[in-house]
Amino acid sequence: DAALARRAAEVRLGREFRDALAGGGEGPSMVVVTQGDTLDAAAQAVSTAPIDRAQFDRFIAASGHRPTDLASLYRSDSRNLPRDSVAPADAEAYARWLTAATGRGYHVARIERTSDLAVRFWVGAEL
């Protein structure tokens, strides 16, 4: 059926995508890393690159979240560099914001929750 075909295309291993944000723009670039082989196991995706300063700044502006380490916001002028020194609470807040802004279940990527590829990334999504 058509719905099953759409689902199979969405969870194809290696498929890259970006979710639309409710306030405009797009979320981080993601890649499917597991397909989920049962009804209980959701497919998983991880970001293709670390969350950069521009993406994190969009979250701060849209959510009003106050980062734990304000000094780290000003360590570099390049908005394309990865956002470094992210406190766990700030990473979790970012994932909750992405969930609300996209309607997809985002979480902070952990190796035991996604795959060994997640070592380099910190944002994941269930498909």
# chains A, B, ... in the order shown; residues from 1 in each chain; ligands from 1

call {"tool": "residues_around", "arguments": {"residues": "stretch 61-63 of chain A", "least_positions_apart": "3", "cutoff": "8 Å", "atoms": "only C-alpha atoms", "output": "PyMOL selection string"}}
result
chain A and resi 57-58+97

call {"tool": "write_last_selection", "arguments": {"atoms": "C-alpha atoms", "output": "PDB file, in the first residue's frame"}}
result
ATOM      1  CA  ASP A  57      21.774  30.256  17.978  1.00  0.00           C
ATOM      2  CA  ARG A  58      18.472  29.656  16.123  1.00  0.00           C
ATOM      3  CA  TRP A  97      13.101  22.128  20.956  1.00  0.00           C
TER       4      TRP A  97
END

call {"tool": "residues_around", "arguments": {"residues": "stretch 15-32 of chain A", "least_positions_apart": "2", "cutoff": "9 Å", "atoms": "only C-alpha atoms", "output": "PDB file with N, CA, C and O atoms, in the first residue's frame"}}
result
ATOM      1  N   ALA A   9      10.571   4.113   2.068  1.00  0.00           N
ATOM      2  CA  ALA A   9      11.466   5.118   1.486  1.00  0.00           C
ATOM      3  C   ALA A   9      12.053   6.012   2.572  1.00  0.00           C
ATOM      4  O   ALA A   9      13.221   6.390   2.518  1.00  0.00           O
ATOM      5  N   GLU A  10      11.246   6.352   3.594  1.00  0.00           N
ATOM      6  CA  GLU A  10      11.713   7.231   4.659  1.00  0.00           C
ATOM      7  C   GLU A  10      12.828   6.596   5.475  1.00  0.00           C
ATOM      8  O   GLU A  10      13.743   7.275   5.910  1.00  0.00           O
ATOM      9  N   VAL A  11      12.770   5.300   5.711  1.00  0.00           N
ATOM     10  CA  VAL A  11      13.744   4.644   6.592  1.00  0.00           C
ATOM     11  C   VAL A  11      14.850   3.912   5.831  1.00  0.00           C
ATOM     12  O   VAL A  11      15.580   3.119   6.417  1.00  0.00           O
ATOM     13  N   ARG A  12      15.030   4.185   4.550  1.00  0.00           N
ATOM     14  CA  ARG A  12      16.094   3.559   3.768  1.00  0.00           C
ATOM     15  C   ARG A  12      17.457   3.950   4.338  1.00  0.00           C
ATOM     16  O   ARG A  12      17.750   5.127   4.522  1.00  0.00           O
ATOM     17  N   LEU A  13      18.288   2.958   4.638  1.00  0.00           N
ATOM     18  CA  LEU A  13      19.628   3.219   5.187  1.00  0.00           C
ATOM     19  C   LEU A  13      20.393   4.190   4.288  1.00  0.00           C
ATOM     20  O   LEU A  13      20.385   4.058   3.070  1.00  0.00           O
ATOM     21  N   THR A  34      19.819   3.189  11.147  1.00  0.00           N
ATOM     22  CA  THR A  34      19.190   1.889  11.410  1.00  0.00           C
ATOM     23  C   THR A  34      17.774   1.937  10.864  1.00  0.00           C
ATOM     24  O   THR A  34      17.136   2.988  10.868  1.00  0.00           O
ATOM     25  N   GLN A  35      17.276   0.793  10.401  1.00  0.00           N
ATOM     26  CA  GLN A  35      15.958   0.766   9.795  1.00  0.00           C
ATOM     27  C   GLN A  35      14.848   0.397  10.765  1.00  0.00           C
ATOM     28  O   GLN A  35      13.700   0.656  10.476  1.00  0.00           O
ATOM     29  N   ALA A  43      13.208   3.239  13.447  1.00  0.00           N
ATOM     30  CA  ALA A  43      14.411   3.563  12.698  1.00  0.00           C
ATOM     31  C   ALA A  43      15.097   4.729  13.403  1.00  0.00           C
ATOM     32  O   ALA A  43      14.460   5.516  14.097  1.00  0.00           O
ATOM     33  N   GLN A  44      16.398   4.836  13.232  1.00  0.00           N
ATOM     34  CA  GLN A  44      17.165   5.894  13.878  1.00  0.00           C
ATOM     35  C   GLN A  44      17.965   6.674  12.841  1.00  0.00           C
ATOM     36  O   GLN A  44      18.420   6.116  11.849  1.00  0.00           O
ATOM     37  N   ALA A  45      18.140   7.951  13.110  1.00  0.00           N
ATOM     38  CA  ALA A  45      18.957   8.812  12.261  1.00  0.00           C
ATOM     39  C   ALA A  45      19.847   9.650  13.169  1.00  0.00           C
ATOM     40  O   ALA A  45      19.504   9.894  14.329  1.00  0.00           O
ATOM     41  N   VAL A  46      21.000  10.051  12.660  1.00  0.00           N
ATOM     42  CA  VAL A  46      21.898  10.951  13.391  1.00  0.00           C
ATOM     43  C   VAL A  46      22.265  12.111  12.479  1.00  0.00           C
ATOM     44  O   VAL A  46      22.186  12.014  11.253  1.00  0.00           O
ATOM     45  N   SER A  47      22.678  13.204  13.098  1.00  0.00           N
ATOM     46  CA  SER A  47      23.084  14.359  12.296  1.00  0.00           C
ATOM     47  C   SER A  47      24.334  14.010  11.505  1.00  0.00           C
ATOM     48  O   SER A  47      25.172  13.240  11.939  1.00  0.00           O
ATOM     49  N   THR A  48      24.441  14.587  10.310  1.00  0.00           N
ATOM     50  CA  THR A  48      25.587  14.293   9.451  1.00  0.00           C
ATOM     51  C   THR A  48      26.823  15.084   9.854  1.00  0.00           C
ATOM     52  O   THR A  48      27.910  14.808   9.372  1.00  0.00           O
ATOM     53  N   ALA A  49      26.640  16.052  10.717  1.00  0.00           N
ATOM     54  CA  ALA A  49      27.743  16.869  11.224  1.00  0.00           C
ATOM     55  C   ALA A  49      27.338  17.389  12.600  1.00  0.00           C
ATOM     56  O   ALA A  49      26.149  17.412  12.926  1.00  0.00           O
ATOM     57  N   PRO A  50      28.308  17.788  13.405  1.00  0.00           N
ATOM     58  CA  PRO A  50      27.944  18.369  14.703  1.00  0.00           C
ATOM     59  C   PRO A  50      27.053  19.601  14.511  1.00  0.00           C
ATOM     60  O   PRO A  50      27.128  20.281  13.492  1.00  0.00           O
ATOM     61  N   ILE A  51      26.222  19.875  15.482  1.00  0.00           N
ATOM     62  CA  ILE A  51      25.374  21.059  15.446  1.00  0.00           C
ATOM     63  C   ILE A  51      26.280  22.285  15.463  1.00  0.00           C
ATOM     64  O   ILE A  51      27.165  22.407  16.310  1.00  0.00           O
ATOM     65  N   ASP A  52      26.069  23.195  14.502  1.00  0.00           N
ATOM     66  CA  ASP A  52      26.954  24.360  14.425  1.00  0.00           C
ATOM     67  C   ASP A  52      26.378  25.535  15.220  1.00  0.00           C
ATOM     68  O   ASP A  52      25.270  25.481  15.742  1.00  0.00           O
ATOM     69  N   GLN A  55      22.964  26.958  14.037  1.00  0.00           N
ATOM     70  CA  GLN A  55      21.826  26.116  14.421  1.00  0.00           C
ATOM     71  C   GLN A  55      21.505  26.294  15.901  1.00  0.00           C
ATOM     72  O   GLN A  55      20.337  26.412  16.291  1.00  0.00           O
ATOM     73  N   ALA A  62      14.747  31.168  19.260  1.00  0.00           N
ATOM     74  CA  ALA A  62      13.361  30.698  19.149  1.00  0.00           C
ATOM     75  C   ALA A  62      12.785  30.226  20.481  1.00  0.00           C
ATOM     76  O   ALA A  62      11.592  30.376  20.728  1.00  0.00           O
ATOM     77  N   LEU A  98      13.900  20.787  19.046  1.00  0.00           N
ATOM     78  CA  LEU A  98      13.773  20.203  17.712  1.00  0.00           C
ATOM     79  C   LEU A  98      12.525  19.332  17.617  1.00  0.00           C
ATOM     80  O   LEU A  98      11.818  19.345  16.607  1.00  0.00           O
ATOM     81  N   ALA A 100       9.714  19.664  19.288  1.00  0.00           N
ATOM     82  CA  ALA A 100       8.545  20.551  19.223  1.00  0.00           C
ATOM     83  C   ALA A 100       8.470  21.271  17.876  1.00  0.00           C
ATOM     84  O   ALA A 100       7.384  21.451  17.327  1.00  0.00           O
ATOM     85  N   ALA A 101       9.617  21.666  17.328  1.00  0.00           N
ATOM     86  CA  ALA A 101       9.646  22.451  16.098  1.00  0.00           C
ATOM     87  C   ALA A 101       9.434  21.621  14.840  1.00  0.00           C
ATOM     88  O   ALA A 101       9.087  22.166  13.789  1.00  0.00           O
ATOM     89  N   THR A 102       9.648  20.293  14.923  1.00  0.00           N
ATOM     90  CA  THR A 102       9.537  19.444  13.731  1.00  0.00           C
ATOM     91  C   THR A 102       8.433  18.397  13.835  1.00  0.00           C
ATOM     92  O   THR A 102       8.010  17.860  12.820  1.00  0.00           O
ATOM     93  N   GLY A 103       8.025  18.069  15.056  1.00  0.00           N
ATOM     94  CA  GLY A 103       7.050  16.997  15.238  1.00  0.00           C
ATOM     95  C   GLY A 103       7.659  15.614  15.188  1.00  0.00           C
ATOM     96  O   GLY A 103       6.964  14.608  15.252  1.00  0.00           O
ATOM     97  N   ARG A 104       8.968  15.523  15.102  1.00  0.00           N
ATOM     98  CA  ARG A 104       9.676  14.231  15.086  1.00  0.00           C
ATOM     99  C   ARG A 104      10.404  14.081  16.415  1.00  0.00           C
ATOM    100  O   ARG A 104      10.828  15.060  16.994  1.00  0.00           O
ATOM    101  N   VAL A 123      23.070  14.656  17.936  1.00  0.00           N
ATOM    102  CA  VAL A 123      21.625  14.778  17.753  1.00  0.00           C
ATOM    103  C   VAL A 123      21.127  13.570  16.964  1.00  0.00           C
ATOM    104  O   VAL A 123      21.728  13.175  15.992  1.00  0.00           O
ATOM    105  N   GLY A 124      20.073  12.937  17.436  1.00  0.00           N
ATOM    106  CA  GLY A 124      19.487  11.785  16.763  1.00  0.00           C
ATOM    107  C   GLY A 124      17.988  11.956  16.661  1.00  0.00           C
ATOM    108  O   GLY A 124      17.408  12.810  17.319  1.00  0.00           O
ATOM    109  N   ALA A 125      17.361  11.142  15.825  1.00  0.00           N
ATOM    110  CA  ALA A 125      15.910  11.221  15.657  1.00  0.00           C
ATOM    111  C   ALA A 125      15.342   9.837  15.413  1.00  0.00           C
ATOM    112  O   ALA A 125      15.988   9.006  14.794  1.00  0.00           O
ATOM    113  N   LEU A 127      12.448   7.776  13.492  1.00  0.00           N
ATOM    114  CA  LEU A 127      11.659   7.987  12.269  1.00  0.00           C
ATOM    115  C   LEU A 127      10.360   7.204  12.327  1.00  0.00           C
ATOM    116  O   LEU A 127      10.227   6.235  12.948  1.00  0.00           O
TER     117      LEU A 127
END

call {"tool": "residues_around", "arguments": {"residues": "A:Pro88", "least_positions_apart": "6", "cutoff": "10 Å", "atoms": "only C-alpha atoms", "output": "VMD selection string"}}
result
chain A and resid 68 94 108

call {"tool": "atom_distance", "arguments": {"atom1": "atom CA of A:Ala93", "atom2": "atom CA of A:Val33"}}
result
23.1 Å
